Amino acid sequence: MWYWWTSGAPPIHYKTALVDRGPITAIVTATGTINPVVSVQVGSQVSGKVAQLFADFNSKVMKGQVLAQIDQKPFKARLSQARAAVKSARGNLARAKVLATQRKREFDRMAALRPQAFVSQADMDLAETNYRDAAANVEVLQAQLDQAQAALASAELDLGYTTIYSPVGGIVVSRNVDVGQTLAAAFQTPILFVIAQDLTQMQVNANVSESDIGGVKEGTEANFRVDAYPKQFFEGVVTQVRNAPINIQNVVTYDVVITVGNPELKLKPGMTANVTIVTARKENPLRVPNGALRFRMPNVAIDRKASRVWLLDPNHQPRQVDVSTGIADSLFTEIVSDTLREGDPVILGIETDEELYKKQLPPGFEPGRGMR
């Protein structure tokens, strides 16, 4: 405790602390959501009624395993219609080709007889027109056959899409349909299942504010807690700092991805994580309590362009000192300038009359209660 006197004024007592050395860990706090590293949504490309389900919540599935079956009856009927349409188009094309061949023979015969004037020019022109019309009809019917074959291929694909397969191996996190439910895939693909490929590796998608994002780098260590295990810290590493801003009510945040191992499967998708990201750490820097940088001497102008502390000199007189600061945590700030030395007393505040009065009381004495 240090104090100084002014002429005709009561003494002023200051709260002080010594400049020392010790560890400082700069951190950024954020909240996030736990998600699987790889999460696949399995949907349906066709509409129809769900006939069977072969997987449920928490089911372990293999790649290519059947997950669900949509009622195939309407699709098989459309497939039969498409096959019949192909047969009809193929028959029409064959008949048109026979007719075109006959028209070609007639035209060739007319062309051979015309030089001897055995047929008129009008008959020859008519034969040529009939031949060209028959040839054009062959091309039209060939196109119709191609269309019918394309419709058949589409019907076969739709029938195949009625069986839903798992695209990856993993665990079913979510099942969004029931047997008998009708799926409508006309405007948006309905999601039947969500499969997490590997729940032993999870990631936290944390929203870090724009004021803190500058200190977050890939490879930075991080830890977090979840409400399910409030006394346990989970260790992870920042693997991605996404550049896309998230603006909610004029508050800008950035998505930071933290990868964490989950061998015991304690972490579950959707849990809320309270994240602490270590942005810098020093083991033994010169440091001062944060209160020393916040202290402002009464009736002294504040220079907001510089970092300053108040120091008590050997004569117990306060003196203002400019400092350069480094990293900081919730308690201490690093001093990187040579204006302070270890052991210097810095001012944290001014003691009030009430605080001085309590200090003068005997140990264990409480005002209004006496001795405890």
# chains A, B, ... in the order shown; residues from 1 in each chain; ligands from 1

call {"tool": "select_by_dssp", "arguments": {"residues": "segment 1-100 of chain A", "states": "strand (DSSP E or B)", "output": "count of residues only"}}
result
48

call {"tool": "residues_around", "arguments": {"residues": "segment 64-79 of chain A", "least_positions_apart": "5", "cutoff": "10 Å", "atoms": "only C-alpha atoms", "output": "VMD selection string"}}
result
chain A and resid 42 44 46 to 56 84 to 85 151 to 169 172 177 to 183 192 to 193

call {"tool": "atom_distance", "arguments": {"atom1": "atom CA of Val138 of chain A", "atom2": "atom CA of Val98 of chain A"}}
result
9.4 Å

call {"tool": "residues_around", "arguments": {"residues": "segment 38-40 of chain A", "least_positions_apart": "2", "cutoff": "9 Å", "atoms": "only C-alpha atoms", "output": "list in words"}}
result
Asn35, Pro36, Val42, Pro167, Val168, Val173, Phe193, Val194, Ile195, Ala196, Gln197, Asp198, Leu199, Gln201 and Met202 of chain A

call {"tool": "select_by_dssp", "arguments": {"residues": "segment 41-120 of chain A", "states": "alpha helix (DSSP H)", "output": "JSON, numbers by chain"}}
result
{"A": [73, 74, 75, 76, 77, 78, 79, 80, 81, 82, 83, 84, 85, 86, 87, 88, 89, 90, 91, 92, 93, 94, 95, 96, 97, 98, 99, 100, 101, 102, 103, 104, 105, 106, 107, 108, 109, 110, 111, 112, 113]}

call {"tool": "write_last_selection", "arguments": {"atoms": "C-alpha atoms", "output": "PDB file, in the first residue's frame"}}
result
ATOM      1  CA  LYS A  73     -46.292 -50.665 -59.074  1.00  0.00           C
ATOM      2  CA  PRO A  74     -46.915 -47.336 -60.864  1.00  0.00           C
ATOM      3  CA  PHE A  75     -43.336 -47.288 -62.147  1.00  0.00           C
ATOM      4  CA  LYS A  76     -43.589 -50.825 -63.512  1.00  0.00           C
ATOM      5  CA  ALA A  77     -46.822 -49.847 -65.282  1.00  0.00           C
ATOM      6  CA  ARG A  78     -45.114 -46.850 -66.885  1.00  0.00           C
ATOM      7  CA  LEU A  79     -42.223 -49.081 -67.875  1.00  0.00           C
ATOM      8  CA  SER A  80     -44.624 -51.492 -69.622  1.00  0.00           C
ATOM      9  CA  GLN A  81     -46.225 -48.579 -71.463  1.00  0.00           C
ATOM     10  CA  ALA A  82     -42.821 -47.329 -72.552  1.00  0.00           C
ATOM     11  CA  ARG A  83     -41.842 -50.762 -73.855  1.00  0.00           C
ATOM     12  CA  ALA A  84     -45.086 -51.011 -75.810  1.00  0.00           C
ATOM     13  CA  ALA A  85     -44.503 -47.555 -77.267  1.00  0.00           C
ATOM     14  CA  VAL A  86     -41.048 -48.649 -78.451  1.00  0.00           C
ATOM     15  CA  LYS A  87     -42.503 -51.731 -80.160  1.00  0.00           C
ATOM     16  CA  SER A  88     -45.179 -49.624 -81.861  1.00  0.00           C
ATOM     17  CA  ALA A  89     -42.644 -47.060 -83.051  1.00  0.00           C
ATOM     18  CA  ARG A  90     -40.348 -49.795 -84.334  1.00  0.00           C
ATOM     19  CA  GLY A  91     -43.222 -51.398 -86.293  1.00  0.00           C
ATOM     20  CA  ASN A  92     -44.258 -48.062 -87.844  1.00  0.00           C
ATOM     21  CA  LEU A  93     -40.670 -47.442 -88.872  1.00  0.00           C
ATOM     22  CA  ALA A  94     -40.392 -50.871 -90.506  1.00  0.00           C
ATOM     23  CA  ARG A  95     -43.605 -50.301 -92.491  1.00  0.00           C
ATOM     24  CA  ALA A  96     -42.386 -46.862 -93.563  1.00  0.00           C
ATOM     25  CA  LYS A  97     -39.109 -48.345 -94.781  1.00  0.00           C
ATOM     26  CA  VAL A  98     -40.971 -50.944 -96.878  1.00  0.00           C
ATOM     27  CA  LEU A  99     -43.104 -48.202 -98.425  1.00  0.00           C
ATOM     28  CA  ALA A 100     -40.047 -46.064 -99.081  1.00  0.00           C
ATOM     29  CA  THR A 101     -38.398 -48.987-100.858  1.00  0.00           C
ATOM     30  CA  GLN A 102     -41.471 -49.447-103.049  1.00  0.00           C
ATOM     31  CA  ARG A 103     -41.549 -45.728-103.889  1.00  0.00           C
ATOM     32  CA  LYS A 104     -37.860 -45.893-104.817  1.00  0.00           C
ATOM     33  CA  ARG A 105     -38.494 -48.732-107.266  1.00  0.00           C
ATOM     34  CA  GLU A 106     -41.370 -46.843-108.909  1.00  0.00           C
ATOM     35  CA  PHE A 107     -39.252 -43.731-109.264  1.00  0.00           C
ATOM     36  CA  ASP A 108     -36.346 -45.711-110.764  1.00  0.00           C
ATOM     37  CA  ARG A 109     -38.723 -47.351-113.257  1.00  0.00           C
ATOM     38  CA  MET A 110     -40.129 -43.984-114.328  1.00  0.00           C
ATOM     39  CA  ALA A 111     -36.622 -42.573-114.710  1.00  0.00           C
ATOM     40  CA  ALA A 112     -35.675 -45.484-117.011  1.00  0.00           C
ATOM     41  CA  LEU A 113     -38.767 -45.138-119.213  1.00  0.00           C
TER      42      LEU A 113
END
